[in-house]
There are 2 protein chains.
Amino acid sequence: MRLVVVGGVAAGTKAASRARRVDPDLEVTIYQEEPDTSISECGLPYILSGLVEERESLVARTPEEFSRQGIEALVRRRVEKVDPASKTLSVRNLATGETFEDSYDRLIVATGASAVTPPIPGAGLDGVFNLRFLTDSDAVLGYVAEHSPQHAVVVGAGYIGLEVAENLVRAGMEVSLVESEDRVAATYGPEVSRRIEEHIKEKGVSVYTGTAAEEVLGEDGRVRAVKLGGEELAAELVVVGTGIEPAVGLAREAGVELGESGAIKVNRRMETSLPDVWAAGDCVETVDLVSGAADWVPLGDTANQMGRVAGTNAASPSGDSPLEFPGVLGTGVFKVFDLGVARTGLSEAEAEDGGFEVVSAEIEATTRAAYYPGGEPIYLKVIADGETGRILGAETVGGNADKMVDICATAIWGRLAVPDLVNLDLAYAPPFGPALSPVIQAGTVLSGKLGRQVRGARATE
Amino acid sequence: MRLVVVGGVAAGTKAASRARRVDPDLEVTIYQEEPDTSISECGLPYILSGLVEERESLVARTPEEFSRQGIEALVRRRVEKVDPASKTLSVRNLATGETFEDSYDRLIVATGASAVTPPIPGAGLDGVFNLRFLTDSDAVLGYVAEHSPQHAVVVGAGYIGLEVAENLVRAGMEVSLVESEDRVAATYGPEVSRRIEEHIKEKGVSVYTGTAAEEVLGEDGRVRAVKLGGEELAAELVVVGTGIEPAVGLAREAGVELGESGAIKVNRRMETSLPDVWAAGDCVETVDLVSGAADWVPLGDTANQMGRVAGTNAASPSGDSPLEFPGVLGTGVFKVFDLGVARTGLSEAEAEDGGFEVVSAEIEATTRAAYYPGGEPIYLKVIADGETGRILGAETVGGNADKMVDICATAIWGRLAVPDLVNLDLAYAPPFGPALSPVIQAGTVLSGKLGRQVRGARATE
């Protein structure tokens, strides 16, 4: 029995490893287009500042290591065509340019996502980069070593843009951040955006929001500035972090059904519409467990979890494995300089769009008891459904945002409601927060608001 | 309508404030035996090292501040008798020694807990202290200023003893920690105890476990050593942190029913067995929500939550307030030097005693991605019920134990089971942990174990 996995990053390698563990007799081959396997893509920004010193530390496992596991991992091989009828693949060896045929009994599509570059004139100039793979960070570092850029423009102020901006500042550059939305981190609420913007300005980043990069200007084929609302920002380096899209070309041409998000449609067992074809990771559509709607949330941890389910099921005799991947809450966190920024579940806007009666509470607290030195501010907003009291989402920024968001994500996963948060038995000691966690404080505020709503409703009956 | 609250620390002051907010016409008096109200007892160890510089910073609200809220807070008044038939109280003014009578319509008992000193000969010598109130830390600091002790013995290696040991080391003393159990922090599993012991030894604490302090030896009425298994440990200062017990004398004599733990029995509305008498805080018995058994968990955050329910209900016309306090998970955290130590739910031993089929997973991870600098080790054990997969408890020690325990506590509160942990959508970014949270890793290990159990069970059918 032969399993072929297309894609060798988080979902693909996890799926391959799981499959091999479930069925040690399985023949497993991974085809990976990039020269590295198991790339920790989330670590790429930190290569730019040297905070992460060795590019090799971002490779979790090399083809040699996979080989020792009994998995064949072939890099610089692009799968160009899948024929589900004959269960064959056409693969190009990017080193030689040659194409060869392979076949599979079972197939896992883990083709990931690709960077979307907005159609800015001049985006093809030397010195303009995306940051998606180690080959991209290699290219940026090579360019920086050669040209010593003093000024950098980062296009896009989502989490990748913000992480890149931080690391270019750490690398000693003057950094401008350009965002076409009216604020940074626009998938968060305005208060979170305001705090991030204030913080990164303090750290020396120039922020341009509500304005799009119109043109990249060059000299001798190399970037020298970015044109922006009549202004020219000097830039010997431009990094574009405006977003990614699911890489579904191969699957679509093979006849795999796509979902409404444009990513590959799978069921909870990670099965695609084609027999013996599973899919996992950034190329896959999943379900938002709060709204129940189809969603596409390309994140490394989720890819890993999906890969586990896909790999286990692909290696199990049909129907034997009970493993399912139920969906996501859209939980995410990033760091920008000294701030943690995180969210889970629905934003206020998403909850309103979803037809919920939105009630929210905003808490300002510190990461330690007031009297215990070293506390940092933490802001937490928790969003609930006014009708049922169910917790729908949370967003947070500050010292221990990563902790706050994981508590809230777990609460949402457990379908907790406001009265649960009020009495939740969280851990307290002075070095770790106020006596009542900001999550409990938010629950208490929400409890008051819901109480008034109920009383208000009764009064008008 | 007059509400009297007996006890002015966490539960009592919270109850008084809530009651006053619910019914602004309510006349509220707090009787507090100590000279300070709203003492942050958890902060007391940090006074000893000067990490917390001002004793006043451990007083959340003074009687003057309560007065501005319309609450009368009378300190150094000990309520000596309650007559529920006549709804009267007998109160002693500790400043004058005089006794006076008062009456109530509604009463909240928040008498807290008192230190238990084991009957060690010589425990009455000068230089031997408990650490329960600000008056205790005042006394220690006064003694230290006068006698400059170089050697300290801390009796009891629970969390208070460990916190005190750390702070006396920080204050420049040579510290010995004596524990009659065979390991420190014995309410945790052996692996947690081992890590704590290793860490505090590195920090210079001498640890004596499995041996009881036999006698405190003195000279001129003042401590000079502690006798211990034939050995004498030099000690010019001894702090005893061997435990506390619920302070229920007043309530018991008034005819309030006690629970099996010895603490006051209340229902979920925090009502005692007597009409118009509520109770909250460290003097109260509650329910362990995992085992369903009666439990006594004296902690400041829980006291606060109980006080909210007691105060709201005591101020509400009968039956009008829906507020309930359902019980606890026994969640707790403490810091000792650079280690966080935390637990929630049942320990392995408690789960076995509770008749569960115990399955556990132990994870060793770091607080950051492997390649991201500055990560600290974190150990997490998660305990599940082998029959249902339900998460029963967790214990953790290391860099972000406070985060791990709050995720697990929320999971247990939501009655999550092993498959939930495996797919839980927690937040990942390299500065905040490994791609898959230790909680998810533990869930995955448990999933494997449960799967084998199920397969094993089938094979033997």
# chains A, B, ... in the order shown; residues from 1 in each chain; ligands from 1

$ residues_around --residues "stretch 140-145 of chain B" --least-positions-apart "2" --cutoff "9 Å" --atoms "only C-alpha atoms" --output "list in words"
Ile47, Leu48, Asp126, Gly127, Val128, Phe129, Asn130, Leu131, Thr135, Asp136, Ser137, Asp138, His147, Ser148, Pro149, Leu237 and Val239 of chain B

$ write_last_selection --atoms "C-alpha atoms" --output "PDB file, in the first residue's frame"
ATOM      1  CA  ILE B  47       6.780  41.811  52.626  1.00  0.00           C
ATOM      2  CA  LEU B  48       9.483  39.760  54.317  1.00  0.00           C
ATOM      3  CA  ASP B 126      10.205  34.787  70.925  1.00  0.00           C
ATOM      4  CA  GLY B 127      11.209  34.605  67.275  1.00  0.00           C
ATOM      5  CA  VAL B 128       8.658  31.925  66.298  1.00  0.00           C
ATOM      6  CA  PHE B 129       5.938  33.227  64.006  1.00  0.00           C
ATOM      7  CA  ASN B 130       2.946  32.334  61.885  1.00  0.00           C
ATOM      8  CA  LEU B 131       2.197  34.399  58.807  1.00  0.00           C
ATOM      9  CA  THR B 135       0.109  42.001  62.175  1.00  0.00           C
ATOM     10  CA  ASP B 136       2.181  38.837  61.765  1.00  0.00           C
ATOM     11  CA  SER B 137       4.404  40.279  59.047  1.00  0.00           C
ATOM     12  CA  ASP B 138       4.720  43.465  61.104  1.00  0.00           C
ATOM     13  CA  HIS B 147      17.732  40.879  66.087  1.00  0.00           C
ATOM     14  CA  SER B 148      19.091  40.562  62.516  1.00  0.00           C
ATOM     15  CA  PRO B 149      18.649  36.774  62.323  1.00  0.00           C
ATOM     16  CA  LEU B 237      13.962  33.016  63.302  1.00  0.00           C
ATOM     17  CA  VAL B 239       8.267  30.696  60.627  1.00  0.00           C
TER      18      VAL B 239
END

$ residues_around --residues "B:Glu80" --least-positions-apart "4" --cutoff "9 Å" --atoms "only C-alpha atoms" --output "list in words"
Leu89, Ser90, Val91, Arg92, Thr99 and Leu250 of chain B

$ write_last_selection --atoms "N, CA and C atoms" --output "CSV table (one decimal), in the first residue's frame"
chain,number,residue,atom,x,y,z
B,89,LEU,N,-25.9,40.3,68.4
B,89,LEU,CA,-24.5,39.9,68.4
B,89,LEU,C,-23.9,40.5,69.7
B,90,SER,N,-22.9,39.9,70.2
B,90,SER,CA,-22.1,40.4,71.3
B,90,SER,C,-20.7,40.7,70.7
B,91,VAL,N,-20.2,41.9,70.8
B,91,VAL,CA,-18.9,42.3,70.1
B,91,VAL,C,-18.0,42.8,71.2
B,92,ARG,N,-16.7,42.4,71.1
B,92,ARG,CA,-15.7,43.0,72.0
B,92,ARG,C,-14.8,44.0,71.2
B,99,THR,N,-17.3,45.2,75.9
B,99,THR,CA,-18.2,44.4,75.1
B,99,THR,C,-19.5,45.2,74.8
B,250,LEU,N,-17.4,30.7,66.3
B,250,LEU,CA,-18.5,31.6,66.4
B,250,LEU,C,-19.8,31.0,65.8

$ interface_residues --of "chain B" --to "chain A" --cutoff "8 Å" --atoms "only C-alpha atoms" --output "number ranges by chain"
B: 42-43, 51-52, 57-58, 300-302, 304-305, 325-326, 328-335, 342, 371-373, 402-403, 405-407, 409-411, 413-416, 422-432, 435-436

$ write_last_selection --atoms "C-alpha atoms" --output "mmCIF file, in the first residue's frame"
data_model
loop_
_atom_site.group_PDB
_atom_site.id
_atom_site.type_symbol
_atom_site.label_atom_id
_atom_site.label_comp_id
_atom_site.auth_asym_id
_atom_site.auth_seq_id
_atom_site.Cartn_x
_atom_site.Cartn_y
_atom_site.Cartn_z
ATOM 1 C CA CYS B 42 -1.300 36.203 49.556
ATOM 2 C CA GLY B 43 1.112 39.120 49.468
ATOM 3 C CA LEU B 51 9.857 42.861 47.267
ATOM 4 C CA VAL B 52 6.590 44.439 48.345
ATOM 5 C CA SER B 57 -0.087 48.314 49.450
ATOM 6 C CA LEU B 58 -1.455 45.043 50.865
ATOM 7 C CA GLY B 300 -8.463 34.297 48.190
ATOM 8 C CA ASP B 301 -9.916 34.243 44.716
ATOM 9 C CA THR B 302 -12.546 31.669 45.638
ATOM 10 C CA ASN B 304 -13.938 36.680 46.544
ATOM 11 C CA GLN B 305 -16.269 34.758 44.245
ATOM 12 C CA PHE B 325 -21.685 29.491 43.630
ATOM 13 C CA PRO B 326 -21.501 25.983 42.225
ATOM 14 C CA VAL B 328 -14.543 24.615 42.945
ATOM 15 C CA LEU B 329 -11.942 22.664 41.039
ATOM 16 C CA GLY B 330 -9.277 23.254 43.664
ATOM 17 C CA THR B 331 -7.247 25.318 41.230
ATOM 18 C CA GLY B 332 -4.164 26.914 42.700
ATOM 19 C CA VAL B 333 -0.820 28.335 41.669
ATOM 20 C CA PHE B 334 2.230 29.586 43.493
ATOM 21 C CA LYS B 335 5.677 30.789 42.575
ATOM 22 C CA ALA B 342 0.031 24.845 39.810
ATOM 23 C CA TYR B 371 14.259 27.834 17.998
ATOM 24 C CA TYR B 372 13.031 30.994 19.726
ATOM 25 C CA PRO B 373 15.478 32.166 22.422
ATOM 26 C CA ASP B 402 -0.050 29.606 35.489
ATOM 27 C CA LYS B 403 -1.145 29.512 31.838
ATOM 28 C CA VAL B 405 -3.313 25.349 34.708
ATOM 29 C CA ASP B 406 -5.877 27.924 33.631
ATOM 30 C CA ILE B 407 -6.363 26.189 30.295
ATOM 31 C CA ALA B 409 -9.134 24.365 34.739
ATOM 32 C CA THR B 410 -11.339 25.831 32.019
ATOM 33 C CA ALA B 411 -11.339 22.505 30.200
ATOM 34 C CA TRP B 413 -15.057 23.293 34.092
ATOM 35 C CA GLY B 414 -16.438 22.695 30.599
ATOM 36 C CA ARG B 415 -16.294 18.924 31.201
ATOM 37 C CA LEU B 416 -14.060 18.442 28.192
ATOM 38 C CA VAL B 422 -6.440 16.853 20.962
ATOM 39 C CA ASN B 423 -8.226 19.272 18.648
ATOM 40 C CA LEU B 424 -8.534 22.258 20.987
ATOM 41 C CA ASP B 425 -7.881 25.487 19.097
ATOM 42 C CA LEU B 426 -5.283 27.181 21.280
ATOM 43 C CA ALA B 427 -3.109 30.074 20.182
ATOM 44 C CA TYR B 428 0.332 29.526 18.715
ATOM 45 C CA ALA B 429 3.192 31.828 17.855
ATOM 46 C CA PRO B 430 6.894 31.082 18.413
ATOM 47 C CA PRO B 431 7.364 33.472 21.390
ATOM 48 C CA PHE B 432 4.556 31.777 23.329
ATOM 49 C CA ALA B 435 3.337 24.713 17.819
ATOM 50 C CA LEU B 436 1.092 22.365 19.733
#

$ residues_around --residues "stretch 445-450 of chain A" --least-positions-apart "4" --cutoff "9 Å" --atoms "only C-alpha atoms" --output "PyMOL selection string"
chain A and resi 359-363+382-384+386-387+389+418-419+422+440-441+454-455

$ write_last_selection --atoms "C-alpha atoms" --output "compact mmCIF listing (two decimals), in the first residue's frame"
# COMPACT_ATOMS: atom_id res chain seq x y z
CA VAL A 359 -22.91 42.10 24.39
CA SER A 360 -19.30 42.78 25.29
CA ALA A 361 -17.13 43.67 28.27
CA GLU A 362 -13.76 45.38 28.21
CA ILE A 363 -11.31 44.86 31.08
CA VAL A 382 -15.00 39.28 25.80
CA ILE A 383 -18.00 39.01 23.51
CA ALA A 384 -21.16 37.11 24.46
CA GLY A 386 -27.11 38.49 24.87
CA GLU A 387 -29.85 35.95 24.34
CA GLY A 389 -25.18 34.24 27.51
CA VAL A 418 -21.42 34.11 31.21
CA PRO A 419 -22.35 32.57 34.59
CA VAL A 422 -18.07 34.52 36.82
CA ILE A 440 -13.62 36.40 35.54
CA GLN A 441 -13.83 40.19 35.68
CA VAL A 454 -33.26 40.70 31.13
CA ARG A 455 -34.75 43.19 33.58

$ residues_around --residues "A:Leu274" --least-positions-apart "4" --cutoff "10 Å" --atoms "only C-alpha atoms" --output "VMD selection string"
chain A and resid 84 to 85 107 251 254 to 257 266 278

$ atom_distance --atom1 "atom CA of B:Asp83" --atom2 "atom CA of B:Thr312"
23.2 Å

$ residues_around --residues "stretch 25-31 of chain B" --least-positions-apart "2" --cutoff "6 Å" --atoms "only C-alpha atoms" --output "list in words"
Met1, Arg2, Leu3, Val4, Val5, Val6, Gly7, Asp23, Ile71, Glu72, Ala73, Leu74 and Arg77 of chain B

$ residues_around --residues "A:Thr88" --least-positions-apart "5" --cutoff "8 Å" --atoms "only C-alpha atoms" --output "PyMOL selection string"
chain A and resi 82-83+101-104

$ atom_distance --atom1 "atom CA of B:Asn267" --atom2 "atom CA of B:Ala280"
10.7 Å

$ select_by_dssp --residues "stretch 45-206 of chain B" --states "strand (DSSP E or B)" --output "JSON, numbers by chain"
{"B": [59, 71, 72, 73, 74, 75, 77, 78, 79, 80, 81, 82, 83, 88, 89, 90, 91, 92, 93, 99, 100, 101, 102, 103, 106, 107, 108, 109, 113, 114, 115, 126, 128, 129, 151, 152, 153, 154, 155, 174, 175, 176, 177, 178, 179, 206]}

$ residues_around --residues "B:Ala294" --least-positions-apart "4" --cutoff "8 Å" --atoms "only C-alpha atoms" --output "tab-separated table (two decimals) with C-alpha atoms, in the first residue's frame"
chain	number	residue	atom	x	y	z
B	259	GLY	CA	-20.06	20.12	56.97
B	260	GLU	CA	-18.02	16.95	56.99
B	261	SER	CA	-14.82	18.93	56.41
B	285	GLU	CA	-17.23	24.15	52.86
B	286	THR	CA	-17.87	23.83	49.16
B	287	VAL	CA	-18.18	21.12	46.54
B	288	ASP	CA	-15.42	19.67	44.41

$ closest_residue --among "A:Val290, A:Ala315, A:Leu125, A:Ala113" --to "A:Gly243" --atoms "only C-alpha atoms"
A:Ala113
